[in-house]
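Novice: For reference, this is run-v2.txt, and it has compact mmCIF, C-alpha atoms.
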```txt
# COMPACT_ATOMS: atom_id res chain seq x y z
CA MET E 1 -0.49 -12.31 45.27
CA THR E 2 -0.27 -15.58 43.31
CA THR E 3 -3.02 -18.10 42.69
CA SER E 4 -3.26 -21.83 42.16
CA LYS E 5 -6.16 -21.43 39.75
CA PRO E 6 -5.52 -23.08 36.38
CA PHE E 7 -5.54 -21.26 33.06
CA LEU E 8 -8.15 -22.14 30.47
CA ILE E 9 -6.89 -22.71 26.92
CA PHE E 10 -9.35 -22.35 24.04
CA GLU E 11 -7.97 -24.66 21.34
CA THR E 12 -9.16 -23.32 17.99
CA GLY E 13 -7.10 -25.51 15.67
CA THR E 14 -4.53 -28.26 15.24
CA PRO E 15 -0.93 -28.16 13.96
CA ALA E 16 -0.02 -29.15 10.42
CA PRO E 17 0.24 -32.98 10.24
CA SER E 18 4.04 -32.92 10.01
CA LEU E 19 4.23 -30.90 13.23
CA LYS E 20 1.83 -32.93 15.37
CA ARG E 21 4.80 -34.87 16.76
CA HIS E 22 5.45 -31.74 18.85
CA GLY E 23 1.99 -32.02 20.44
CA SER E 24 -1.12 -29.85 20.24
CA PHE E 25 -1.32 -26.06 20.06
CA ALA E 26 -2.47 -26.05 23.66
CA HIS E 27 0.61 -28.09 24.63
CA TRP E 28 2.92 -25.68 22.78
CA ILE E 29 1.41 -22.72 24.60
CA ARG E 30 1.43 -24.39 28.01
CA VAL E 31 5.11 -25.32 27.71
CA ALA E 32 6.15 -21.91 26.35
CA ALA E 33 4.23 -20.18 29.14
CA GLY E 34 5.97 -22.28 31.77
CA LEU E 35 2.70 -23.76 33.04
CA HIS E 36 2.64 -27.12 34.80
CA ARG E 37 0.26 -29.66 33.26
CA ASP E 38 -2.06 -29.29 36.27
CA HIS E 39 -2.25 -25.53 35.76
CA ALA E 40 -3.92 -25.65 32.34
CA VAL E 41 -7.36 -26.88 31.28
CA VAL E 42 -7.99 -27.31 27.55
CA CYS E 43 -11.35 -26.68 25.89
CA ARG E 44 -11.33 -27.87 22.26
CA VAL E 45 -13.78 -25.26 21.04
CA MET E 46 -13.17 -26.16 17.37
CA ASP E 47 -14.68 -29.59 18.10
CA GLY E 48 -17.83 -28.01 19.50
CA HIS E 49 -17.04 -28.69 23.15
CA ASP E 50 -19.30 -26.96 25.65
CA LEU E 51 -17.90 -23.65 26.84
CA PRO E 52 -17.20 -23.70 30.59
CA ARG E 53 -18.23 -21.30 33.30
CA ARG E 54 -15.69 -18.53 33.90
CA ASP E 55 -15.39 -19.24 37.61
CA GLY E 56 -12.24 -20.91 38.81
CA TYR E 57 -9.77 -19.84 36.11
CA ALA E 58 -6.87 -17.42 36.39
CA GLY E 59 -7.22 -16.39 32.75
CA VAL E 60 -7.81 -17.60 29.22
CA LEU E 61 -5.38 -18.23 26.35
CA ILE E 62 -6.74 -18.59 22.79
CA THR E 63 -4.67 -20.55 20.26
CA GLY E 64 -4.01 -20.08 16.59
CA SER E 65 -5.98 -21.94 13.91
CA GLY E 66 -6.06 -22.90 10.27
CA ALA E 67 -9.60 -21.47 10.15
CA MET E 68 -10.39 -17.86 9.29
CA VAL E 69 -12.34 -15.54 11.59
CA THR E 70 -14.25 -14.26 8.55
CA GLU E 71 -15.72 -17.75 8.03
CA ARG E 72 -17.93 -17.06 11.06
CA LEU E 73 -17.98 -20.74 11.99
CA ASP E 74 -20.49 -21.66 14.68
CA TRP E 75 -17.89 -22.70 17.26
CA SER E 76 -15.92 -19.53 16.55
CA GLU E 77 -18.89 -17.21 16.96
CA ARG E 78 -19.93 -18.95 20.18
CA SER E 79 -16.38 -18.57 21.47
CA ALA E 80 -16.40 -14.90 20.48
CA ALA E 81 -19.58 -14.29 22.49
CA TRP E 82 -18.03 -16.06 25.51
CA LEU E 83 -14.83 -14.01 25.21
CA ARG E 84 -16.77 -10.75 24.89
CA ASP E 85 -18.60 -11.43 28.13
CA ALA E 86 -15.36 -12.53 29.82
CA ALA E 87 -13.54 -9.37 28.73
CA HIS E 88 -16.31 -7.13 30.04
CA ALA E 89 -16.25 -9.09 33.30
CA GLY E 90 -12.54 -8.27 33.69
CA MET E 91 -11.15 -11.75 33.07
CA PRO E 92 -7.50 -11.81 31.90
CA LEU E 93 -7.40 -12.85 28.22
CA PHE E 94 -4.56 -13.51 25.77
CA GLY E 95 -5.21 -14.33 22.11
CA ILE E 96 -2.58 -15.64 19.69
CA CYS E 97 -2.87 -15.26 15.88
CA TYR E 98 -6.43 -16.52 15.26
CA GLY E 99 -7.10 -15.91 18.94
CA HIS E 100 -5.83 -12.33 18.55
CA GLN E 101 -8.19 -11.73 15.64
CA LEU E 102 -11.10 -13.55 17.33
CA LEU E 103 -10.75 -11.42 20.45
CA ALA E 104 -10.76 -8.23 18.37
CA HIS E 105 -13.85 -9.46 16.47
CA ALA E 106 -15.57 -10.39 19.73
CA LEU E 107 -15.09 -6.85 21.05
CA GLY E 108 -16.40 -5.14 17.91
CA GLY E 109 -13.30 -4.87 15.73
CA GLU E 110 -13.00 -5.85 12.07
CA VAL E 111 -10.94 -8.74 10.66
CA ASP E 112 -10.20 -9.53 7.01
CA TYR E 113 -7.46 -10.67 4.65
CA ASN E 114 -4.35 -8.54 4.97
CA PRO E 115 -3.98 -6.33 1.86
CA ALA E 116 -0.19 -6.73 2.26
CA GLY E 117 -0.53 -10.49 1.78
CA ARG E 118 0.78 -13.45 3.73
CA GLU E 119 3.30 -12.85 6.51
CA ILE E 120 5.48 -15.81 7.43
CA GLY E 121 8.81 -16.42 9.12
CA THR E 122 10.76 -14.61 11.81
CA VAL E 123 9.72 -10.97 11.49
CA ARG E 124 10.88 -7.76 13.11
CA ILE E 125 8.32 -6.31 15.50
CA GLU E 126 8.32 -2.62 16.36
CA ARG E 127 6.99 -1.66 19.77
CA LEU E 128 4.72 1.38 19.42
CA ASP E 129 4.74 4.42 21.69
CA ALA E 130 1.44 3.31 23.26
CA ALA E 131 3.23 0.24 24.64
CA ALA E 132 5.22 2.34 27.09
CA GLY E 133 4.13 1.23 30.54
CA ASP E 134 2.15 -1.75 29.22
CA PRO E 135 2.45 -4.71 31.64
CA LEU E 136 3.45 -7.10 28.83
CA PHE E 137 5.38 -4.87 26.41
CA GLY E 138 6.61 -1.96 28.49
CA ASP E 139 10.03 -3.48 29.24
CA HIS E 140 10.63 -4.82 25.74
CA PRO E 141 13.22 -3.31 23.38
CA PRO E 142 11.93 -0.98 20.64
CA MET E 143 12.48 -3.76 18.06
CA PHE E 144 12.41 -7.53 18.61
CA ASP E 145 12.01 -10.75 16.62
CA ALA E 146 8.89 -12.90 16.57
CA HIS E 147 7.60 -15.88 14.59
CA ALA E 148 4.52 -15.32 12.45
CA THR E 149 2.36 -17.08 9.90
CA HIS E 150 -0.99 -15.57 8.91
CA MET E 151 -3.09 -14.23 6.05
CA GLN E 152 -5.80 -12.33 7.92
CA THR E 153 -5.34 -9.35 10.19
CA ILE E 154 -7.18 -6.82 12.30
CA MET E 155 -8.38 -4.13 9.93
CA LYS E 156 -10.03 -2.03 12.64
CA LEU E 157 -9.47 -2.26 16.38
CA PRO E 158 -12.42 -2.42 18.77
CA ASP E 159 -13.41 0.78 20.55
CA GLY E 160 -11.25 1.19 23.63
CA ALA E 161 -8.37 -0.88 22.23
CA VAL E 162 -4.85 0.39 21.57
CA ALA E 163 -2.25 -1.01 19.16
CA LEU E 164 1.00 -1.94 20.89
CA ALA E 165 3.22 -3.30 18.12
CA ARG E 166 3.52 -3.52 14.33
CA SER E 167 5.59 -5.09 11.57
CA ASP E 168 6.30 -4.04 8.00
CA LYS E 169 3.31 -6.08 6.81
CA ASP E 170 0.90 -5.66 9.71
CA ALA E 171 -0.04 -2.44 11.48
CA CYS E 172 -1.45 -4.31 14.49
CA HIS E 173 0.76 -7.13 15.71
CA ALA E 174 -0.45 -6.62 19.26
CA PHE E 175 -3.21 -4.76 21.07
CA ARG E 176 -4.61 -4.26 24.54
CA TRP E 177 -8.27 -3.73 25.38
CA GLY E 178 -8.91 -2.35 28.84
CA ASP E 179 -6.26 -3.48 31.29
CA ARG E 180 -6.66 -7.28 31.19
CA ALA E 181 -7.14 -8.36 27.55
CA TRP E 182 -4.35 -8.68 24.98
CA GLY E 183 -3.96 -10.08 21.49
CA VAL E 184 -0.76 -10.82 19.57
CA GLN E 185 -0.62 -11.66 15.88
CA PHE E 186 2.76 -13.35 16.25
CA HIS E 187 3.32 -16.78 17.80
CA PRO E 188 5.20 -16.51 21.12
CA GLU E 189 4.82 -20.28 21.58
CA PHE E 190 6.71 -21.20 18.37
CA SER E 191 10.22 -22.61 18.52
CA THR E 192 12.55 -22.19 15.54
CA ALA E 193 11.81 -25.81 14.58
CA MET E 194 8.06 -25.10 14.52
CA MET E 195 8.55 -21.95 12.46
CA ARG E 196 10.76 -23.74 9.93
CA GLY E 197 8.22 -26.55 9.83
CA TYR E 198 5.44 -24.18 8.79
CA ILE E 199 7.61 -22.65 6.08
CA THR E 200 8.23 -26.16 4.74
CA VAL E 201 4.52 -27.02 4.88
CA ARG E 202 3.63 -23.84 2.97
CA HIS E 203 6.44 -24.27 0.40
CA GLU E 204 4.28 -24.58 -2.74
CA LYS E 205 1.88 -21.83 -1.69
CA LEU E 206 4.77 -19.49 -0.95
CA LEU E 207 6.31 -20.09 -4.37
CA HIS E 208 2.94 -19.40 -5.99
CA GLU E 209 2.75 -16.11 -4.07
CA GLY E 210 6.22 -15.04 -5.17
CA ILE E 211 7.89 -15.74 -1.81
CA HIS E 212 11.22 -17.60 -1.79
CA PRO E 213 10.96 -20.30 0.93
CA PRO E 214 14.73 -20.95 1.31
CA THR E 215 15.33 -17.27 2.06
CA ILE E 216 12.56 -17.19 4.68
CA HIS E 217 13.79 -20.50 6.10
CA ARG E 218 17.37 -19.23 6.50
CA SER E 219 16.20 -16.09 8.27
CA VAL E 220 14.46 -17.97 11.10
CA THR E 221 16.06 -17.17 14.42
CA ALA E 222 15.28 -17.46 18.13
CA ALA E 223 12.63 -15.06 19.46
CA PRO E 224 12.99 -14.91 23.26
CA HIS E 225 11.42 -11.47 23.64
CA ALA E 226 8.25 -12.67 21.89
CA ARG E 227 8.03 -15.67 24.21
CA ASN E 228 8.50 -13.41 27.20
CA VAL E 229 5.25 -11.59 26.31
CA LEU E 230 3.39 -14.85 26.93
CA LYS E 231 5.18 -15.45 30.22
CA ARG E 232 4.46 -11.88 31.32
CA PHE E 233 0.74 -12.45 30.69
CA ILE E 234 0.77 -15.46 33.03
CA HIS E 235 2.44 -13.34 35.72
CA VAL E 236 0.02 -10.42 35.27
CA ALA E 237 -3.07 -12.66 35.22
CA ARG E 238 -2.03 -14.39 38.43
CA ARG E 239 -1.51 -11.03 40.06
CA HIS E 240 -5.13 -10.12 39.30
CA ASN E 241 -6.47 -13.24 41.06
```
Let me see whether you can do it: turn the structure in this file into structure tokens.
Specialist:
Amino acid sequence: MTTSKPFLIFETGTPAPSLKRHGSFAHWIRVAAGLHRDHAVVCRVMDGHDLPRRDGYAGVLITGSGAMVTERLDWSERSAAWLRDAAHAGMPLFGICYGHQLLAHALGGEVDYNPAGREIGTVRIERLDAAAGDPLFGDHPPMFDAHATHMQTIMKLPDGAVALARSDKDACHAFRWGDRAWGVQFHPEFSTAMMRGYITVRHEKLLHEGIHPPTIHRSVTAAPHARNVLKRFIHVARRHN
């Protein structure tokens, strides 16, 4: 059964200045998910906007951010409390990058800087055994490409959560809590142009960290399987309404 209810997008950050010509994070996610403009409502939580009632939404998508979950910013902690209640109420949730970490934090997990360091570029994602039968990952190949850029990670999953995917630098690139809440560390909404743009923006920092930007830049490739995870969430969430 489908629904005409819109999806709520928690916008937790803004793109790098050079990438704002592509629109907002919420716009990137809406387009990648295949949602019509009328089927998405944006709440700019990072600007302190009031958090809405849960009624009337098919599900919630949480964007990435330049902030860090460990900063415990007021808007972030208020969003975490809202998401915790929504998860326990059975609302379909999908967190991306910061949103992935924020959802884990909200449910009792632990987030911190990744001991393996920064992960950036198109990375190989390994689907874990626990993903077999998962509504979003179950049909995916054992290995697939995804775009990523992050420094923090989930150090400990919340009770009741299961890791679904990993990379060489991150043991939890995706998780599911219960049967309606997911987080992905990678960016299913990124195009190759967006991924290359972030590598360019981070050029000096990458050099300082011993990472060769031209090599990472050349390795960027399309990531259709990663994007399909986002589209699958929309389908699954609508089925629950």
Novice: Kindly indicate which residue among E:Pro52, E:Leu103, E:Phe25, E:His88 lies nearest to E:Ser76, using all atoms listed in the file for the distances.
Specialist: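 Comparing E:Pro52, E:Leu103, E:Phe25, E:His88 against E:Ser76, the winner is E:Leu103.
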Novice: Calculated over all atoms listed in the file, which of the candidates E:Ala81, E:Leu73, E:Ile120, E:Ala163 has the smallest distance to E:His212?
Specialist: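 Using all atoms listed in the file, E:His212 sits closest to E:Ile120.
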Novice: Pick out the closest residue to E:Arg196 from this set: E:Arg176, E:His147, E:Lys231, E:Arg127. Count all atoms listed in the file.
Specialist: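 Nearest to E:Arg196: E:His147.
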Novice: Just the residues within 9 Å of E:Phe190, please, counting only C-alpha atoms, with nothing from its chain fewer than 5 positions along; format it as a JSON list (two decimals) with C-alpha atoms, in the frame of the given file.
Specialist:
```
[["chain", "number", "residue", "atom", "x", "y", "z"],
["E", 28, "TRP", "CA", 2.92, -25.68, 22.78],
["E", 29, "ILE", "CA", 1.41, -22.72, 24.60],
["E", 32, "ALA", "CA", 6.15, -21.91, 26.35],
["E", 146, "ALA", "CA", 8.89, -12.90, 16.57],
["E", 147, "HIS", "CA", 7.60, -15.88, 14.59],
["E", 148, "ALA", "CA", 4.52, -15.32, 12.45],
["E", 195, "MET", "CA", 8.55, -21.95, 12.46],
["E", 223, "ALA", "CA", 12.63, -15.06, 19.46],
["E", 227, "ARG", "CA", 8.03, -15.67, 24.21]]
```
Novice: Between E:Ala165, E:His100, E:His235, E:Met46, which one has atoms that come closest to E:Gly138, using only C-alpha atoms?
Specialist: E:Ala165
Novice: For a quick check of understanding, using all atoms listed in the file, which of E:Arg37, E:Lys5, E:Arg238, E:Lys156 has the smallest distance to E:Gly56?
Specialist: E:Lys5
Novice: In Å, with one decimal, what is the gap from atom CA of E:Val60 to atom CA of E:His140?
Specialist: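 Those two atoms sit 22.7 Å apart.
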Novice: Excluding E:Pro141 and residues on its chain fewer than 3 positions from it, collect all residues at most 10 Å away from it, counting all atoms listed in the file, and give them as a ChimeraX atom specification.
Specialist: /E:125-127,137-138,144,225
Novice: Hey, can you spit out that residue selection with C-alpha atoms as an mmCIF file, in the coordinates of the input?
Specialist:
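Listed below is the output, again_23.cif:
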```cif
data_model
loop_
_atom_site.group_PDB
_atom_site.id
_atom_site.type_symbol
_atom_site.label_atom_id
_atom_site.label_comp_id
_atom_site.auth_asym_id
_atom_site.auth_seq_id
_atom_site.Cartn_x
_atom_site.Cartn_y
_atom_site.Cartn_z
ATOM 1 C CA ILE E 125 8.320 -6.310 15.500
ATOM 2 C CA GLU E 126 8.320 -2.620 16.360
ATOM 3 C CA ARG E 127 6.990 -1.660 19.770
ATOM 4 C CA PHE E 137 5.380 -4.870 26.410
ATOM 5 C CA GLY E 138 6.610 -1.960 28.490
ATOM 6 C CA PHE E 144 12.410 -7.530 18.610
ATOM 7 C CA HIS E 225 11.420 -11.470 23.640
#
```
Novice: Find the residue from E:Arg239, E:His173, E:Glu204, E:Leu35 that sits nearest to E:Pro135; use only C-alpha atoms when measuring.
Specialist: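 Comparing E:Arg239, E:His173, E:Glu204, E:Leu35 against E:Pro135, the winner is E:Arg239.
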